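S.K.: Sending over run18.txt (compact mmCIF, C-alpha atoms).
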# COMPACT_ATOMS: atom_id res chain seq x y z
CA LYS Z 293 88.33 -78.75 -104.14
CA GLN Z 294 86.39 -78.29 -100.91
CA GLU Z 295 85.13 -74.77 -100.26
CA VAL Z 296 83.65 -73.66 -96.96
CA THR Z 297 81.49 -70.54 -96.73
CA GLN Z 298 80.19 -68.83 -93.63
CA ILE Z 299 77.28 -66.44 -93.50
CA PRO Z 300 77.00 -63.78 -92.23
CA ALA Z 301 80.52 -62.38 -92.22
CA ALA Z 302 79.66 -60.27 -89.19
CA LEU Z 303 76.78 -60.16 -86.75
CA SER Z 304 75.92 -57.74 -83.95
CA VAL Z 305 73.19 -58.60 -81.46
CA PRO Z 306 71.99 -57.38 -78.07
CA GLU Z 307 72.71 -59.46 -75.02
CA GLY Z 308 70.21 -62.23 -74.36
CA GLU Z 309 69.29 -62.85 -77.97
CA ASN Z 310 69.39 -66.32 -79.50
CA LEU Z 311 71.37 -66.46 -82.74
CA VAL Z 312 72.36 -68.77 -85.57
CA LEU Z 313 75.61 -68.88 -87.52
CA ASN Z 314 75.68 -70.67 -90.84
CA CYS Z 315 78.31 -72.78 -92.57
CA SER Z 316 78.09 -74.45 -95.97
CA PHE Z 317 80.51 -76.73 -97.78
CA THR Z 318 80.66 -77.79 -101.41
CA ASP Z 319 81.83 -81.41 -101.08
CA SER Z 320 79.49 -83.49 -98.91
CA ALA Z 321 82.07 -86.28 -98.59
CA ILE Z 322 83.22 -85.12 -95.18
CA TYR Z 323 84.20 -87.16 -92.15
CA ASN Z 324 83.45 -84.56 -89.51
CA LEU Z 325 82.85 -80.86 -88.97
CA GLN Z 326 84.19 -78.68 -86.18
CA TRP Z 327 83.20 -75.27 -84.89
CA PHE Z 328 85.98 -73.12 -83.48
CA ARG Z 329 86.08 -69.87 -81.56
CA GLN Z 330 88.86 -67.31 -82.01
CA ASP Z 331 89.35 -64.38 -79.66
CA PRO Z 332 91.33 -61.35 -80.88
CA GLY Z 333 95.06 -62.02 -80.87
CA LYS Z 334 94.56 -65.63 -79.88
CA GLY Z 335 94.55 -69.05 -81.47
CA LEU Z 336 91.48 -71.10 -82.25
CA THR Z 337 89.66 -73.19 -79.66
CA SER Z 338 87.54 -76.16 -80.70
CA LEU Z 339 83.96 -75.81 -79.45
CA LEU Z 340 82.08 -78.72 -80.96
CA LEU Z 341 82.85 -81.62 -83.27
CA ILE Z 342 80.09 -83.39 -85.20
CA GLN Z 343 80.75 -86.70 -86.88
CA SER Z 344 79.29 -87.16 -90.35
CA SER Z 345 76.89 -89.78 -88.97
CA GLN Z 346 75.52 -87.37 -86.36
CA ARG Z 347 72.86 -84.71 -86.71
CA GLU Z 348 73.83 -82.46 -83.82
CA GLN Z 349 76.05 -81.85 -80.82
CA THR Z 350 75.40 -79.74 -77.75
CA SER Z 351 77.66 -78.08 -75.22
CA GLY Z 352 76.06 -75.75 -72.72
CA ARG Z 353 74.38 -72.90 -74.59
CA LEU Z 354 75.84 -74.06 -77.91
CA ASN Z 355 74.15 -76.44 -80.31
CA ALA Z 356 75.64 -77.42 -83.65
CA SER Z 357 73.68 -79.23 -86.32
CA LEU Z 358 74.85 -80.96 -89.47
CA ASP Z 359 73.00 -81.79 -92.70
CA LYS Z 360 75.69 -83.56 -94.63
CA SER Z 361 73.63 -84.23 -97.75
CA SER Z 362 72.84 -80.56 -98.25
CA GLY Z 363 76.31 -79.41 -97.19
CA ARG Z 364 75.16 -77.25 -94.28
CA SER Z 365 75.85 -76.77 -90.62
CA THR Z 366 74.52 -74.28 -88.12
CA LEU Z 367 75.80 -73.12 -84.75
CA TYR Z 368 73.02 -72.00 -82.43
CA ILE Z 369 73.94 -69.85 -79.45
CA ALA Z 370 71.23 -69.44 -76.82
CA ALA Z 371 70.90 -66.43 -74.54
CA SER Z 372 73.97 -64.71 -75.93
CA GLN Z 373 76.36 -62.87 -73.60
CA PRO Z 374 79.01 -60.20 -74.20
CA GLY Z 375 81.62 -62.87 -73.45
CA ASP Z 376 80.47 -64.74 -76.56
CA SER Z 377 81.92 -61.96 -78.71
CA ALA Z 378 84.56 -63.56 -80.92
CA THR Z 379 85.09 -64.93 -84.41
CA TYR Z 380 83.48 -68.31 -85.03
CA LEU Z 381 84.93 -70.59 -87.70
CA CYS Z 382 83.72 -73.88 -89.05
CA ALA Z 383 86.04 -76.47 -90.55
CA VAL Z 384 85.48 -79.76 -92.33
CA ARG Z 385 87.64 -82.86 -92.54
CA LYS Z 386 87.53 -84.67 -95.83
CA ASP Z 387 86.63 -88.32 -95.89
CA ALA Z 388 89.83 -89.27 -97.67
CA GLY Z 389 90.55 -92.61 -96.12
CA GLY Z 390 93.84 -92.74 -94.34
CA THR Z 391 95.52 -89.98 -96.27
CA SER Z 392 94.10 -86.83 -94.71
CA TYR Z 393 95.66 -87.22 -91.24
CA GLY Z 394 93.10 -84.83 -89.85
CA LYS Z 395 93.61 -82.06 -92.40
CA LEU Z 396 90.85 -79.41 -92.10
CA THR Z 397 89.45 -76.85 -94.53
CA PHE Z 398 88.25 -73.68 -92.80
CA GLY Z 399 85.61 -71.09 -93.58
CA GLN Z 400 86.38 -67.38 -93.35
CA GLY Z 401 84.53 -67.03 -90.07
CA THR Z 402 81.71 -64.95 -88.63
CA ILE Z 403 82.63 -62.04 -86.39
CA LEU Z 404 80.10 -61.94 -83.56
CA THR Z 405 79.58 -58.94 -81.32
CA VAL Z 406 77.17 -59.19 -78.39
CA HIS Z 407 76.55 -55.78 -76.86
CA PRO Z 408 75.21 -55.22 -73.35
CA ASP Y 225 99.44 -79.75 -70.37
CA ALA Y 226 100.74 -76.38 -71.57
CA GLY Y 227 99.09 -76.68 -74.95
CA VAL Y 228 100.73 -75.88 -78.28
CA ILE Y 229 103.56 -73.42 -77.72
CA GLN Y 230 104.72 -71.04 -80.42
CA SER Y 231 107.57 -68.57 -80.42
CA PRO Y 232 108.09 -65.75 -80.90
CA ARG Y 233 104.67 -64.15 -80.32
CA HIS Y 234 105.61 -61.19 -82.46
CA GLU Y 235 108.31 -60.80 -85.09
CA VAL Y 236 109.17 -57.63 -86.93
CA THR Y 237 111.82 -57.88 -89.61
CA GLU Y 238 113.00 -56.20 -92.74
CA MET Y 239 112.46 -57.45 -96.24
CA GLY Y 240 115.13 -59.93 -97.26
CA GLN Y 241 115.84 -61.21 -93.78
CA GLU Y 242 115.45 -64.82 -92.71
CA VAL Y 243 112.61 -65.57 -90.31
CA THR Y 244 112.24 -68.73 -88.23
CA LEU Y 245 109.05 -69.57 -86.42
CA ARG Y 246 108.99 -72.30 -83.79
CA CYS Y 247 106.39 -74.70 -82.49
CA LYS Y 248 106.19 -77.25 -79.71
CA PRO Y 249 103.11 -79.49 -80.14
CA ILE Y 250 101.16 -81.07 -77.32
CA SER Y 251 103.01 -84.06 -75.91
CA GLY Y 252 101.69 -87.28 -77.40
CA HIS Y 253 100.24 -85.67 -80.52
CA ASN Y 254 101.47 -87.11 -83.80
CA SER Y 255 100.08 -84.67 -86.37
CA LEU Y 256 101.29 -81.09 -86.71
CA PHE Y 257 99.92 -78.38 -88.97
CA TRP Y 258 101.19 -74.94 -89.97
CA TYR Y 259 98.52 -72.40 -90.96
CA ARG Y 260 98.72 -68.79 -92.10
CA GLN Y 261 95.91 -66.32 -91.40
CA THR Y 262 95.26 -63.03 -93.17
CA MET Y 263 92.20 -60.86 -93.49
CA MET Y 264 92.07 -61.38 -97.23
CA ARG Y 265 92.60 -65.14 -97.43
CA GLY Y 266 91.51 -66.40 -94.02
CA LEU Y 267 93.20 -69.53 -92.68
CA GLU Y 268 95.40 -71.32 -95.18
CA LEU Y 269 97.05 -74.66 -94.53
CA LEU Y 270 100.71 -74.45 -95.45
CA ILE Y 271 102.06 -77.88 -94.56
CA TYR Y 272 101.38 -80.75 -92.23
CA PHE Y 273 103.34 -83.60 -90.70
CA ASN Y 274 102.41 -86.98 -89.34
CA ASN Y 275 104.91 -88.80 -87.14
CA ASN Y 276 107.48 -86.11 -88.05
CA VAL Y 277 107.13 -86.83 -91.78
CA PRO Y 278 105.86 -84.08 -94.12
CA ILE Y 279 102.64 -85.35 -95.69
CA ASP Y 280 101.45 -82.45 -97.83
CA ASP Y 281 103.31 -79.22 -98.51
CA SER Y 282 101.16 -78.11 -101.42
CA GLY Y 283 100.04 -75.07 -99.44
CA MET Y 284 103.55 -73.66 -99.11
CA PRO Y 285 103.37 -70.55 -101.27
CA GLU Y 286 106.90 -70.48 -102.63
CA ASP Y 287 110.32 -72.03 -102.34
CA ARG Y 288 111.16 -69.29 -99.88
CA PHE Y 289 109.12 -71.23 -97.34
CA SER Y 290 110.41 -74.40 -95.71
CA ALA Y 291 109.37 -76.42 -92.69
CA LYS Y 292 111.04 -79.12 -90.65
CA MET Y 293 110.08 -81.43 -87.84
CA PRO Y 294 113.29 -83.01 -86.53
CA ASN Y 295 111.48 -84.75 -83.66
CA ALA Y 296 108.02 -85.22 -82.16
CA SER Y 297 108.31 -82.19 -79.91
CA PHE Y 298 109.59 -79.48 -82.23
CA SER Y 299 108.90 -77.94 -85.61
CA THR Y 300 110.12 -74.86 -87.45
CA LEU Y 301 108.77 -72.80 -90.32
CA LYS Y 302 111.41 -70.76 -92.10
CA ILE Y 303 111.01 -67.94 -94.61
CA GLN Y 304 114.12 -66.95 -96.52
CA PRO Y 305 114.17 -64.27 -97.83
CA SER Y 306 111.11 -62.67 -96.27
CA GLU Y 307 108.88 -60.24 -98.18
CA PRO Y 308 106.22 -57.73 -97.03
CA ARG Y 309 103.45 -59.94 -98.45
CA ASP Y 310 104.46 -62.64 -95.97
CA SER Y 311 103.10 -60.48 -93.15
CA ALA Y 312 100.39 -62.52 -91.42
CA VAL Y 313 99.66 -64.53 -88.30
CA TYR Y 314 101.21 -67.97 -88.47
CA PHE Y 315 99.57 -70.70 -86.41
CA CYS Y 316 100.82 -74.10 -85.44
CA ALA Y 317 98.29 -76.77 -84.47
CA SER Y 318 98.54 -80.36 -83.35
CA SER Y 319 96.29 -83.38 -82.93
CA PHE Y 320 96.47 -87.07 -82.25
CA TRP Y 321 95.71 -89.03 -85.38
CA ALA Y 322 94.75 -92.62 -84.55
CA GLY Y 323 93.41 -93.65 -87.92
CA ILE Y 324 90.62 -92.83 -90.29
CA SER Y 325 87.86 -93.85 -87.92
CA THR Y 326 88.76 -91.43 -85.16
CA ASN Y 327 87.47 -87.93 -84.54
CA GLU Y 328 90.41 -85.98 -83.30
CA LYS Y 329 90.21 -82.36 -82.19
CA LEU Y 330 92.73 -79.84 -83.39
CA PHE Y 331 94.54 -77.70 -80.84
CA PHE Y 332 96.04 -74.38 -81.86
CA GLY Y 333 98.90 -72.33 -80.51
CA SER Y 334 98.53 -68.59 -79.92
CA GLY Y 335 100.24 -67.77 -83.18
CA THR Y 336 103.18 -65.65 -84.32
CA GLN Y 337 102.33 -62.20 -85.65
CA LEU Y 338 104.86 -61.58 -88.42
CA SER Y 339 105.43 -58.13 -89.87
CA VAL Y 340 107.89 -57.77 -92.74
CA LEU Y 341 108.76 -54.14 -93.44
Could you rewrite the structure in this file as structure tokens?
M.R.:
Amino acid sequence: KQEVTQIPAALSVPEGENLVLNCSFTDSAIYNLQWFRQDPGKGLTSLLLIQSSQREQTSGRLNASLDKSSGRSTLYIAASQPGDSATYLCAVRKDAGGTSYGKLTFGQGTILTVHP
Amino acid sequence: DAGVIQSPRHEVTEMGQEVTLRCKPISGHNSLFWYRQTMMRGLELLIYFNNNVPIDDSGMPEDRFSAKMPNASFSTLKIQPSEPRDSAVYFCASSFWAGISTNEKLFFGSGTQLSVL
């Protein structure tokens, strides 16, 4: 059974700092990995999707890397801003042929607070 | 597009009552997922559909939970009878599944906050 773990559970940083969020998964047979953002009282928004054949994806100040063989992914946020404060979740899709239909397994998330 | 639409946003009910949560996926999407989120257990997948057909309901906690998708634009999650431990945020999400070689993104609704007293 796939298990996804995110470290740290919570992180508080001053504005402007670069930071790294970590995600690990137990079964390396994944098809892709997504990073999501969740604001309080809201649903999840997909930030980045990395295919299993890729090493990293970038979107603005966000960079996600993937080391499939070691079961790890990191989300790097450059020059953090108070507006980045949210919960960040990673999720993996199992490489289960045509039977998964996009089913994702989520980590517990990292609660990020960026203070001015 | 309006995104995934869930209703109601909040539901407060008493133990033993029937609760029905509703979801309208993004038009054109063919996969629909129901998740439950709690502080203790995080996001749990309850059930998912592809082309309106239930594919995997192994996450449904008990027979008190049931889900239907009568057509491509509507799904319901029903709890009967409800219990206090069912209190959680219930999310619906949809995506377009085009086969095993695609990389579809998952789009979430805003969730239904359920409180069972």
S.K.: Find the distance between CA of Met293 (chain Y) and CA of Arg233 (chain Y) and write it in Å to one decimal.
M.R.: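 Atom-to-atom, CA of Met293 (chain Y) to CA of Arg233 (chain Y), that is 19.6 Å.
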S.K.: As an exercise, work out the distance from CA of Asp331 (chain Z) to CA of Ser357 (chain Z) in Å and give it to one decimal place.
M.R.: 22.6 Å
S.K.: Can you tell me which residues surround Asp310 (chain Y) at a distance of at most 12 Å, considering all atoms listed in the file, apart from same-chain residues fewer than 6 positions away, and format the answer as an MDAnalysis selection string?
M.R.: chainID Y and resid 235:243 260:262 284:286 288:289 302:304 337:341
S.K.: List every residue of chain Z that has an atom at most 12 Å from any atom of chain Y, and for each one report the closest atom pair and its distance in Å to one decimal, counting all atoms listed in the file, with rows sorted by chain and then by increasing residue number, as CSV.
M.R.:
residue,atom,partner,partner_atom,distance
Z:Glu295,CA,Y:Glu268,CA,12.0
Z:Val296,CA,Y:Gly266,CA,11.1
Z:Thr297,CA,Y:Gly266,CA,11.2
Z:Gln298,CA,Y:Gly266,CA,11.6
Z:Ala301,CA,Y:Gly266,CA,11.8
Z:Ile322,CA,Y:Ile324,CA,11.8
Z:Tyr323,CA,Y:Asn327,CA,8.3
Z:Asn324,CA,Y:Asn327,CA,7.2
Z:Leu325,CA,Y:Asn327,CA,9.5
Z:Gln326,CA,Y:Lys329,CA,8.1
Z:Trp327,CA,Y:Lys329,CA,10.3
Z:Phe328,CA,Y:Leu330,CA,9.5
Z:Arg329,CA,Y:Phe332,CA,10.9
Z:Gln330,CA,Y:Ser334,CA,10.0
Z:Asp331,CA,Y:Ser334,CA,10.1
Z:Pro332,CA,Y:Ser334,CA,10.3
Z:Gly333,CA,Y:Ser334,CA,7.5
Z:Lys334,CA,Y:Ser334,CA,5.0
Z:Gly335,CA,Y:Ser334,CA,4.3
Z:Leu336,CA,Y:Phe332,CA,5.6
Z:Thr337,CA,Y:Phe331,CA,6.7
Z:Ser338,CA,Y:Leu330,CA,6.9
Z:Leu339,CA,Y:Lys329,CA,9.5
Z:Leu340,CA,Y:Lys329,CA,9.0
Z:Leu341,CA,Y:Lys329,CA,7.5
Z:Ile342,CA,Y:Asn327,CA,8.7
Z:Gln343,CA,Y:Asn327,CA,7.2
Z:Ser344,CA,Y:Asn327,CA,10.1
Z:Ser345,CA,Y:Asn327,CA,11.6
Z:Thr379,CA,Y:Gly266,CA,11.7
Z:Leu381,CA,Y:Leu267,CA,9.7
Z:Cys382,CA,Y:Leu267,CA,11.0
Z:Ala383,CA,Y:Leu267,CA,10.2
Z:Val384,CA,Y:Asn327,CA,11.5
Z:Arg385,CA,Y:Asn327,CA,9.5
Z:Lys386,CA,Y:Ile324,CA,10.3
Z:Asp387,CA,Y:Ile324,CA,8.2
Z:Ala388,CA,Y:Ile324,CA,8.2
Z:Gly389,CA,Y:Ile324,CA,5.8
Z:Gly390,CA,Y:Ile324,CA,5.2
Z:Thr391,CA,Y:Ile324,CA,8.2
Z:Ser392,CA,Y:Ile324,CA,8.2
Z:Tyr393,CA,Y:Trp321,CA,6.1
Z:Gly394,CA,Y:Trp321,CA,6.7
Z:Lys395,CA,Y:Tyr272,CA,7.9
Z:Leu396,CA,Y:Leu269,CA,8.2
Z:Thr397,CA,Y:Leu269,CA,7.9
Z:Phe398,CA,Y:Leu267,CA,6.5
Z:Gly399,CA,Y:Gly266,CA,7.5
Z:Gln400,CA,Y:Gly266,CA,5.3
Z:Gly401,CA,Y:Gly266,CA,8.0
Z:Thr402,CA,Y:Gly266,CA,11.3
Z:Ile403,CA,Y:Met263,CA,12.0
S.K.: May I ask for the distance between CA of Arg246 (chain Y) and CA of Ala378 (chain Z), given in Å to one decimal place?
M.R.: 26.1 Å
S.K.: Within 6 Å of Leu354 (chain Z), counting all atoms listed in the file, which residues qualify if same-chain residues fewer than 2 places away don't, as a PDB file with C-alpha atoms, keeping the file's coordinate frame?
M.R.:
ATOM      1  CA  THR Z 350      75.400 -79.740 -77.750  1.00  0.00           C
ATOM      2  CA  SER Z 351      77.660 -78.080 -75.220  1.00  0.00           C
ATOM      3  CA  GLY Z 352      76.060 -75.750 -72.720  1.00  0.00           C
ATOM      4  CA  TYR Z 368      73.020 -72.000 -82.430  1.00  0.00           C
ATOM      5  CA  ILE Z 369      73.940 -69.850 -79.450  1.00  0.00           C
TER       6      ILE Z 369
END
S.K.: Find the spatial neighbours of Asp319 (chain Z), counting all atoms listed in the file, within a cut-off of 8 Å - ignore same-chain residues fewer than 2 positions away - and output them as a list in words.
M.R.: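 These residues fall inside the cut-off: Lys293, Gln294, Glu295, Phe317, Ala321, Ile322 and Gly363 of chain Z.
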S.K.: Any chance you could export region 237-252 of chain Y with N, CA, C and O atoms, as a PDB file, in the first residue's frame?
M.R.:
ATOM      1  N   THR Y 237     -26.225  18.818  11.188  1.00  0.00           N
ATOM      2  CA  THR Y 237     -27.355  17.923  11.356  1.00  0.00           C
ATOM      3  C   THR Y 237     -27.221  17.165  12.669  1.00  0.00           C
ATOM      4  O   THR Y 237     -26.179  17.206  13.326  1.00  0.00           O
ATOM      5  N   GLU Y 238     -28.264  16.502  13.021  1.00  0.00           N
ATOM      6  CA  GLU Y 238     -28.239  15.716  14.250  1.00  0.00           C
ATOM      7  C   GLU Y 238     -27.988  14.252  13.938  1.00  0.00           C
ATOM      8  O   GLU Y 238     -28.371  13.750  12.863  1.00  0.00           O
ATOM      9  N   MET Y 239     -27.361  13.603  14.875  1.00  0.00           N
ATOM     10  CA  MET Y 239     -27.072  12.175  14.738  1.00  0.00           C
ATOM     11  C   MET Y 239     -28.337  11.414  14.344  1.00  0.00           C
ATOM     12  O   MET Y 239     -29.409  11.654  14.895  1.00  0.00           O
ATOM     13  N   GLY Y 240     -28.181  10.518  13.372  1.00  0.00           N
ATOM     14  CA  GLY Y 240     -29.295   9.708  12.934  1.00  0.00           C
ATOM     15  C   GLY Y 240     -29.990  10.234  11.693  1.00  0.00           C
ATOM     16  O   GLY Y 240     -30.729   9.495  11.040  1.00  0.00           O
ATOM     17  N   GLN Y 241     -29.738  11.487  11.362  1.00  0.00           N
ATOM     18  CA  GLN Y 241     -30.373  12.075  10.190  1.00  0.00           C
ATOM     19  C   GLN Y 241     -29.647  11.678   8.909  1.00  0.00           C
ATOM     20  O   GLN Y 241     -28.453  11.348   8.925  1.00  0.00           O
ATOM     21  N   GLU Y 242     -30.362  11.744   7.807  1.00  0.00           N
ATOM     22  CA  GLU Y 242     -29.768  11.484   6.494  1.00  0.00           C
ATOM     23  C   GLU Y 242     -29.136  12.759   5.966  1.00  0.00           C
ATOM     24  O   GLU Y 242     -29.700  13.848   6.092  1.00  0.00           O
ATOM     25  N   VAL Y 243     -27.964  12.612   5.388  1.00  0.00           N
ATOM     26  CA  VAL Y 243     -27.240  13.753   4.810  1.00  0.00           C
ATOM     27  C   VAL Y 243     -26.931  13.451   3.350  1.00  0.00           C
ATOM     28  O   VAL Y 243     -26.466  12.341   3.039  1.00  0.00           O
ATOM     29  N   THR Y 244     -27.181  14.406   2.474  1.00  0.00           N
ATOM     30  CA  THR Y 244     -26.860  14.241   1.059  1.00  0.00           C
ATOM     31  C   THR Y 244     -25.988  15.391   0.601  1.00  0.00           C
ATOM     32  O   THR Y 244     -26.365  16.556   0.713  1.00  0.00           O
ATOM     33  N   LEU Y 245     -24.829  15.041   0.101  1.00  0.00           N
ATOM     34  CA  LEU Y 245     -23.891  16.024  -0.428  1.00  0.00           C
ATOM     35  C   LEU Y 245     -23.917  15.931  -1.948  1.00  0.00           C
ATOM     36  O   LEU Y 245     -24.005  14.828  -2.505  1.00  0.00           O
ATOM     37  N   ARG Y 246     -23.776  17.093  -2.601  1.00  0.00           N
ATOM     38  CA  ARG Y 246     -23.932  17.133  -4.047  1.00  0.00           C
ATOM     39  C   ARG Y 246     -22.696  17.682  -4.730  1.00  0.00           C
ATOM     40  O   ARG Y 246     -21.983  18.517  -4.158  1.00  0.00           O
ATOM     41  N   CYS Y 247     -22.503  17.244  -5.960  1.00  0.00           N
ATOM     42  CA  CYS Y 247     -21.317  17.664  -6.709  1.00  0.00           C
ATOM     43  C   CYS Y 247     -21.636  17.763  -8.192  1.00  0.00           C
ATOM     44  O   CYS Y 247     -22.249  16.852  -8.778  1.00  0.00           O
ATOM     45  N   LYS Y 248     -21.190  18.847  -8.786  1.00  0.00           N
ATOM     46  CA  LYS Y 248     -21.256  19.014 -10.242  1.00  0.00           C
ATOM     47  C   LYS Y 248     -19.828  19.123 -10.743  1.00  0.00           C
ATOM     48  O   LYS Y 248     -19.140  20.102 -10.447  1.00  0.00           O
ATOM     49  N   PRO Y 249     -19.329  18.128 -11.483  1.00  0.00           N
ATOM     50  CA  PRO Y 249     -17.941  18.179 -11.957  1.00  0.00           C
ATOM     51  C   PRO Y 249     -17.785  19.187 -13.091  1.00  0.00           C
ATOM     52  O   PRO Y 249     -18.763  19.710 -13.618  1.00  0.00           O
ATOM     53  N   ILE Y 250     -16.544  19.420 -13.464  1.00  0.00           N
ATOM     54  CA  ILE Y 250     -16.258  20.294 -14.597  1.00  0.00           C
ATOM     55  C   ILE Y 250     -16.766  19.631 -15.870  1.00  0.00           C
ATOM     56  O   ILE Y 250     -16.554  18.423 -16.083  1.00  0.00           O
ATOM     57  N   SER Y 251     -17.432  20.412 -16.706  1.00  0.00           N
ATOM     58  CA  SER Y 251     -17.982  19.883 -17.944  1.00  0.00           C
ATOM     59  C   SER Y 251     -16.875  19.270 -18.801  1.00  0.00           C
ATOM     60  O   SER Y 251     -15.824  19.884 -19.016  1.00  0.00           O
ATOM     61  N   GLY Y 252     -17.121  18.049 -19.277  1.00  0.00           N
ATOM     62  CA  GLY Y 252     -16.131  17.372 -20.105  1.00  0.00           C
ATOM     63  C   GLY Y 252     -15.248  16.415 -19.340  1.00  0.00           C
ATOM     64  O   GLY Y 252     -14.586  15.559 -19.939  1.00  0.00           O
TER      65      GLY Y 252
END
